[in-house]
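Asker: Questions regarding the structure given below will be posed in turn.
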Amino acid sequence: MTDFFSLKIPELKNYLHERGVTCSIGRKPDLVRLCELAEELNLEIIPADDGGDYQVMDTKRRTVQLLGNNVELPSPTEVNSWQKKLNTVPDIQPYDVFIYLMTYCKWENHRLQNYKHDNGFRLFSSNHINNVHISSVFEHEYMYIKASCVPETRQSSNPYTTWLLVHQSGRVMSGGCTCVA
């Protein structure tokens, strides 16, 4: 394991930035902890020309290592075996969500601090999320979690479908929604 405490703050921020983790915090213990989590999660260095195209990034997030090979997991729209046995959902910790939001969604520190004002959290708090289902992929190593989300302004409209792809360890790999936003 790398000794992150021996690095200077700019070096720690650069380490995180190379792996797609943006942060504006400057306290060294917090940066060291983020670097340790990034190393523990084996976050790879993202090439500078990655672009940010949603479909390309979504495909990359659904591409995992299985038996030494890169395998693209099916899209949640291609999965048919949904169940309501929520007791098999992996233990997803707040830092798993935090790393996902910073790495793939590029949330900045101020947005993470104000998550209770975010639309997704408000929808959850107002019981707009329901009909939660799960589906295991590749012998329970990965799992999709999907739910219906009643639109905030058009509550009589058809609900959106939201989904997460998680590893059995709780690591959030990908997520999406059928809304246009």
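How things are named: the first chain in the structure tokens is A, the next is B, and so on; residues count from 1 in each chain; ligands count from 1 in the order shown.
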Met1 (chain A): which residues within 9 Å, counting only C-alpha atoms, same-chain residues fewer than 5 positions away excluded, as a compact mmCIF listing (two decimals) with all heavy atoms, in the first residue's frame?
Answerer:
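part-v9.txt, freshly written:
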```txt
# COMPACT_ATOMS: atom_id res chain seq x y z
N GLU A 36 -6.44 6.58 -0.29
CA GLU A 36 -6.45 5.18 0.17
C GLU A 36 -7.67 4.44 -0.39
O GLU A 36 -7.55 3.29 -0.82
CB GLU A 36 -6.44 5.13 1.69
CG GLU A 36 -5.13 5.56 2.31
CD GLU A 36 -5.20 5.71 3.83
OE1 GLU A 36 -6.30 5.74 4.40
OE2 GLU A 36 -4.11 5.83 4.43
N GLU A 39 -7.11 3.77 -4.06
CA GLU A 39 -6.18 2.65 -4.24
C GLU A 39 -6.87 1.33 -3.91
O GLU A 39 -6.72 0.34 -4.63
CB GLU A 39 -4.95 2.85 -3.37
CG GLU A 39 -3.90 1.77 -3.60
CD GLU A 39 -2.64 2.01 -2.79
OE1 GLU A 39 -2.74 2.10 -1.55
OE2 GLU A 39 -1.57 2.10 -3.40
N GLU A 40 -7.64 1.31 -2.83
CA GLU A 40 -8.35 0.09 -2.43
C GLU A 40 -9.34 -0.35 -3.51
O GLU A 40 -9.52 -1.55 -3.76
CB GLU A 40 -9.10 0.36 -1.12
CG GLU A 40 -9.83 -0.83 -0.57
CD GLU A 40 -10.56 -0.50 0.73
OE1 GLU A 40 -10.00 0.25 1.55
OE2 GLU A 40 -11.68 -0.99 0.91
```
Asker: May I have the residues within 12 Å of Ser81 (chain A) as a ChimeraX atom specification, using only C-alpha atoms and disregarding those fewer than 4 positions away in the same chain?
Answerer: /A:76-77,85,133-137,143-146
Asker: Kindly provide the residues of region 84-128 of chain A that approach region 163-171 of chain A to within 9 Å, each paired with its closest atom pair and their distance in Å to one decimal, based on only C-alpha atoms, listed by chain and increasing number, as a tab-separated table.
Answerer:
```
residue	atom	partner	partner_atom	distance
A:Val89	CA	A:Gln168	CA	8.1
A:Pro90	CA	A:Gly170	CA	5.2
A:Asp91	CA	A:Gly170	CA	5.2
A:Ile92	CA	A:Gly170	CA	4.3
A:Gln93	CA	A:Gly170	CA	6.8
A:Tyr95	CA	A:Arg171	CA	8.9
A:Asp96	CA	A:Arg171	CA	5.3
A:Val97	CA	A:Arg171	CA	7.7
A:Ile99	CA	A:Arg171	CA	8.6
A:Tyr100	CA	A:Arg171	CA	8.1
```
Asker: Just the strand (DSSP E) stuff from region 13-121 of chain A, please, per backbone DSSP, written as an MDAnalysis selection string.
Answerer: chainID A and resid 63:66 69:72
Asker: If you count only C-alpha atoms, which residues fall within 9 Å of Leu16 (chain A), apart from same-chain ones fewer than 6 positions away, as a ChimeraX atom specification?
Answerer: /A:22-23,31,34-35,38,45
Asker: So that I have them on file, write out the residues from the current selection with all heavy atoms, as a compact mmCIF listing (two decimals), in the first residue's frame.
Answerer:
```
# COMPACT_ATOMS: atom_id res chain seq x y z
N THR A 22 -12.57 14.37 -8.57
CA THR A 22 -12.37 15.80 -8.38
C THR A 22 -12.69 16.14 -6.93
O THR A 22 -13.63 15.62 -6.35
CB THR A 22 -13.27 16.63 -9.31
OG1 THR A 22 -14.62 16.27 -9.05
CG2 THR A 22 -12.95 16.37 -10.77
N CYS A 23 -11.87 16.99 -6.36
CA CYS A 23 -12.12 17.40 -4.99
C CYS A 23 -11.56 18.80 -4.77
O CYS A 23 -10.56 19.18 -5.37
CB CYS A 23 -11.54 16.41 -3.98
SG CYS A 23 -9.76 16.34 -3.98
N LEU A 31 -7.69 14.07 2.24
CA LEU A 31 -7.14 13.70 0.93
C LEU A 31 -6.46 12.34 1.00
O LEU A 31 -6.59 11.52 0.08
CB LEU A 31 -6.16 14.76 0.44
CG LEU A 31 -6.78 16.10 0.06
CD1 LEU A 31 -5.69 17.14 -0.18
CD2 LEU A 31 -7.65 15.95 -1.18
N LEU A 34 -9.13 9.67 0.94
CA LEU A 34 -9.66 9.49 -0.41
C LEU A 34 -8.68 8.72 -1.30
O LEU A 34 -9.09 7.85 -2.08
CB LEU A 34 -9.99 10.84 -1.05
CG LEU A 34 -11.27 11.51 -0.61
CD1 LEU A 34 -11.41 12.88 -1.25
CD2 LEU A 34 -12.47 10.65 -0.97
N CYS A 35 -7.40 9.04 -1.19
CA CYS A 35 -6.39 8.32 -1.98
C CYS A 35 -6.34 6.85 -1.59
O CYS A 35 -6.22 5.97 -2.45
CB CYS A 35 -5.02 8.97 -1.80
SG CYS A 35 -4.85 10.57 -2.60
N ALA A 38 -9.31 5.23 -3.15
CA ALA A 38 -9.10 5.08 -4.59
C ALA A 38 -8.16 3.91 -4.88
O ALA A 38 -8.38 3.14 -5.82
CB ALA A 38 -8.54 6.38 -5.18
N ILE A 45 -6.05 4.99 -13.83
CA ILE A 45 -5.80 6.32 -14.38
C ILE A 45 -6.63 6.46 -15.64
O ILE A 45 -6.63 5.60 -16.51
CB ILE A 45 -4.30 6.51 -14.67
CG1 ILE A 45 -3.52 6.50 -13.34
CG2 ILE A 45 -4.07 7.81 -15.43
CD1 ILE A 45 -2.02 6.58 -13.50
```
Asker: Compare A:Lys84, A:Arg111, A:Lys106, A:Lys28 by their minimum atom-to-atom distance to Asn130 (chain A), counting only C-alpha atoms, and give me the closest one.
Answerer: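 For Asn130 (chain A), the nearest of the candidates is A:Lys84.
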Asker: Just list the residues in chain A DSSP gives helix (DSSP H, G or I) on the backbone, as a PyMOL selection string.
Answerer: chain A and resi 4-6+9-18+28-40+54-61+76-78+86-88+94-103+109-113+115-117+119-125
Asker: Just give me the gap between CA of Leu66 (chain A) and CA of Tyr142 (chain A) in Å, one decimal is fine.
Answerer: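 For CA of Leu66 (chain A) relative to CA of Tyr142 (chain A), the distance reads 10.9 Å.
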Asker: For CA of Leu41 (chain A) and CA of Met173 (chain A), quote the distance in Å rounded to one decimal.
Answerer: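 Interatomic distance, CA of Leu41 (chain A) to CA of Met173 (chain A): 10.9 Å.
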Asker: To one decimal in Å, tell me the separation between CA of Gly20 (chain A) and CA of Ile46 (chain A).
Answerer: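 For CA of Gly20 (chain A) relative to CA of Ile46 (chain A), the distance reads 6.4 Å.
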Asker: With distances taken over only C-alpha atoms, which residue among A:Val21, A:Glu152, A:Trp107, A:Leu112 lies nearest Asn127 (chain A)?
Answerer: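 Residue with the minimum atom-to-atom distance to Asn127 (chain A): A:Glu152.
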